[in-house]
Amino acid sequence: MSASDSEKAALDAIPSIPRNTEGPVFAEPWQAQAFAMTVALYDAGRFTWPEWADMLSDELRQAGAGQTGEDYYHHWLAALERLSSDKGLTDEAELEDRRRAWDRAARATPHGSPIVLGAETATE
């Protein structure tokens, strides 16, 4: 199997991923980052692709059949957080600290500018 065949097989194992003929499609930079983090953790051997696909499927299933797909990567991120916690890569306290940091950074970032963690403390 060539690299592109194995990448296609991996993408096919992920339910409902928004994509076009060239691969995944992201509406926001954070979606691409969540995707990249997932792939990096998989490449580092932190979980298997079937484990990931099962966790994402479970998150999507819990969301219900009425989902429009607009919030797909919110479910992706929830699955990544849950799998990371289950595997001992992080814990809920660390995840909550990171959520609060992103919230502070987003509130301190002018509309249309990229959000950078820690930038809010540079002006305080």
# chains A, B, ... in the order shown; residues from 1 in each chain; ligands from 1
$ residues_around --residues "segment 54-56 of chain A" --least-positions-apart "6" --cutoff "7 Å" --atoms "only C-alpha atoms" --output "number ranges by chain"
A: 76, 79, 83
$ select_by_dssp --residues "segment 9-58 of chain A" --states "alpha helix (DSSP H)" --output "list of chain:residue names"
A:Ala9, A:Ala10, A:Leu11, A:Asp12, A:Pro29, A:Trp30, A:Gln31, A:Ala32, A:Gln33, A:Ala34, A:Phe35, A:Ala36, A:Met37, A:Thr38, A:Val39, A:Ala40, A:Leu41, A:Tyr42, A:Asp43, A:Trp49, A:Pro50, A:Glu51, A:Trp52, A:Ala53, A:Asp54, A:Met55, A:Leu56, A:Ser57, A:Asp58
$ write_last_selection --atoms "N, CA and C atoms" --output "mmCIF file, in the first residue's frame"
data_model
loop_
_atom_site.group_PDB
_atom_site.id
_atom_site.type_symbol
_atom_site.label_atom_id
_atom_site.label_comp_id
_atom_site.auth_asym_id
_atom_site.auth_seq_id
_atom_site.Cartn_x
_atom_site.Cartn_y
_atom_site.Cartn_z
ATOM 1 N N ALA A 9 -6.942 5.114 3.567
ATOM 2 C CA ALA A 9 -7.541 4.088 4.420
ATOM 3 C C ALA A 9 -7.773 4.627 5.825
ATOM 4 N N ALA A 10 -6.812 5.411 6.340
ATOM 5 C CA ALA A 10 -6.973 5.996 7.670
ATOM 6 C C ALA A 10 -8.139 6.978 7.681
ATOM 7 N N LEU A 11 -8.235 7.817 6.661
ATOM 8 C CA LEU A 11 -9.349 8.772 6.577
ATOM 9 C C LEU A 11 -10.684 8.052 6.436
ATOM 10 N N ASP A 12 -10.690 6.961 5.677
ATOM 11 C CA ASP A 12 -11.927 6.194 5.503
ATOM 12 C C ASP A 12 -12.400 5.574 6.814
ATOM 13 N N PRO A 29 -8.694 27.537 11.621
ATOM 14 C CA PRO A 29 -7.350 27.019 11.934
ATOM 15 C C PRO A 29 -7.328 26.025 13.092
ATOM 16 N N TRP A 30 -8.159 26.245 14.122
ATOM 17 C CA TRP A 30 -8.139 25.330 15.269
ATOM 18 C C TRP A 30 -8.535 23.920 14.867
ATOM 19 N N GLN A 31 -9.378 23.793 13.836
ATOM 20 C CA GLN A 31 -9.784 22.467 13.377
ATOM 21 C C GLN A 31 -8.589 21.723 12.793
ATOM 22 N N ALA A 32 -7.797 22.426 11.996
ATOM 23 C CA ALA A 32 -6.590 21.817 11.427
ATOM 24 C C ALA A 32 -5.605 21.455 12.533
ATOM 25 N N GLN A 33 -5.526 22.298 13.555
ATOM 26 C CA GLN A 33 -4.624 22.014 14.666
ATOM 27 C C GLN A 33 -5.076 20.782 15.449
ATOM 28 N N ALA A 34 -6.383 20.659 15.684
ATOM 29 C CA ALA A 34 -6.895 19.480 16.384
ATOM 30 C C ALA A 34 -6.629 18.221 15.571
ATOM 31 N N PHE A 35 -6.824 18.316 14.260
ATOM 32 C CA PHE A 35 -6.539 17.196 13.367
ATOM 33 C C PHE A 35 -5.057 16.826 13.447
ATOM 34 N N ALA A 36 -4.191 17.849 13.369
ATOM 35 C CA ALA A 36 -2.748 17.610 13.398
ATOM 36 C C ALA A 36 -2.306 17.011 14.735
ATOM 37 N N MET A 37 -2.875 17.480 15.839
ATOM 38 C CA MET A 37 -2.532 16.907 17.143
ATOM 39 C C MET A 37 -2.908 15.435 17.210
ATOM 40 N N THR A 38 -4.063 15.105 16.658
ATOM 41 C CA THR A 38 -4.516 13.712 16.653
ATOM 42 C C THR A 38 -3.549 12.841 15.871
ATOM 43 N N VAL A 39 -3.183 13.293 14.695
ATOM 44 C CA VAL A 39 -2.251 12.534 13.854
ATOM 45 C C VAL A 39 -0.888 12.417 14.534
ATOM 46 N N ALA A 40 -0.418 13.492 15.158
ATOM 47 C CA ALA A 40 0.883 13.460 15.841
ATOM 48 C C ALA A 40 0.870 12.471 17.004
ATOM 49 N N LEU A 41 -0.210 12.441 17.775
ATOM 50 C CA LEU A 41 -0.301 11.487 18.882
ATOM 51 C C LEU A 41 -0.382 10.055 18.372
ATOM 52 N N TYR A 42 -1.107 9.873 17.287
ATOM 53 C CA TYR A 42 -1.165 8.539 16.667
ATOM 54 C C TYR A 42 0.235 8.136 16.178
ATOM 55 N N ASP A 43 0.908 9.047 15.466
ATOM 56 C CA ASP A 43 2.256 8.754 14.954
ATOM 57 C C ASP A 43 3.239 8.443 16.079
ATOM 58 N N TRP A 49 -5.177 3.659 15.522
ATOM 59 C CA TRP A 49 -6.204 4.303 14.706
ATOM 60 C C TRP A 49 -7.593 3.722 14.985
ATOM 61 N N PRO A 50 -7.730 2.409 15.184
ATOM 62 C CA PRO A 50 -9.051 1.892 15.560
ATOM 63 C C PRO A 50 -9.558 2.467 16.889
ATOM 64 N N GLU A 51 -8.651 2.671 17.865
ATOM 65 C CA GLU A 51 -9.070 3.298 19.125
ATOM 66 C C GLU A 51 -9.605 4.701 18.863
ATOM 67 N N TRP A 52 -8.888 5.442 18.020
ATOM 68 C CA TRP A 52 -9.316 6.803 17.685
ATOM 69 C C TRP A 52 -10.674 6.787 16.971
ATOM 70 N N ALA A 53 -10.797 5.945 15.969
ATOM 71 C CA ALA A 53 -12.050 5.888 15.204
ATOM 72 C C ALA A 53 -13.215 5.490 16.103
ATOM 73 N N ASP A 54 -12.993 4.565 17.037
ATOM 74 C CA ASP A 54 -14.053 4.158 17.966
ATOM 75 C C ASP A 54 -14.449 5.313 18.883
ATOM 76 N N MET A 55 -13.461 6.060 19.388
ATOM 77 C CA MET A 55 -13.750 7.177 20.294
ATOM 78 C C MET A 55 -14.512 8.280 19.557
ATOM 79 N N LEU A 56 -14.070 8.607 18.345
ATOM 80 C CA LEU A 56 -14.756 9.638 17.566
ATOM 81 C C LEU A 56 -16.166 9.181 17.209
ATOM 82 N N SER A 57 -16.309 7.940 16.813
ATOM 83 C CA SER A 57 -17.640 7.403 16.498
ATOM 84 C C SER A 57 -18.564 7.509 17.697
ATOM 85 N N ASP A 58 -18.034 7.202 18.871
ATOM 86 C CA ASP A 58 -18.837 7.278 20.087
ATOM 87 C C ASP A 58 -19.266 8.724 20.357
#
$ residues_around --residues "Pro114 of chain A" --least-positions-apart "6" --cutoff "12 Å" --atoms "only C-alpha atoms" --output "VMD selection string"
chain A and resid 28 to 30 102 105 to 108
$ atom_distance --atom1 "atom CA of Arg19 of chain A" --atom2 "atom CA of Ala44 of chain A"
24.2 Å
$ closest_residue --among "A:His75, A:Glu22, A:Thr109, A:Arg46" --to "Thr90 of chain A" --atoms "only C-alpha atoms"
A:Arg46
$ closest_residue --among "A:Phe47, A:Gly23, A:Arg104, A:Leu60" --to "Ser84 of chain A" --atoms "only C-alpha atoms"
A:Phe47
$ select_by_dssp --residues "segment 5-122 of chain A" --states "strand (DSSP E)" --output "list of chain:residue names"
A:Arg19, A:Asn20, A:Gly23, A:Pro24
$ closest_residue --among "A:Glu59, A:Asp91, A:Asp86, A:Asp103" --to "His74 of chain A" --atoms "only C-alpha atoms"
A:Glu59
$ closest_residue --among "A:Gly118, A:Gly112, A:Pro18, A:Pro24" --to "Asp71 of chain A" --atoms "only C-alpha atoms"
A:Pro18
$ atom_distance --atom1 "atom CA of Leu77 of chain A" --atom2 "atom CA of Asp97 of chain A"
15.6 Å
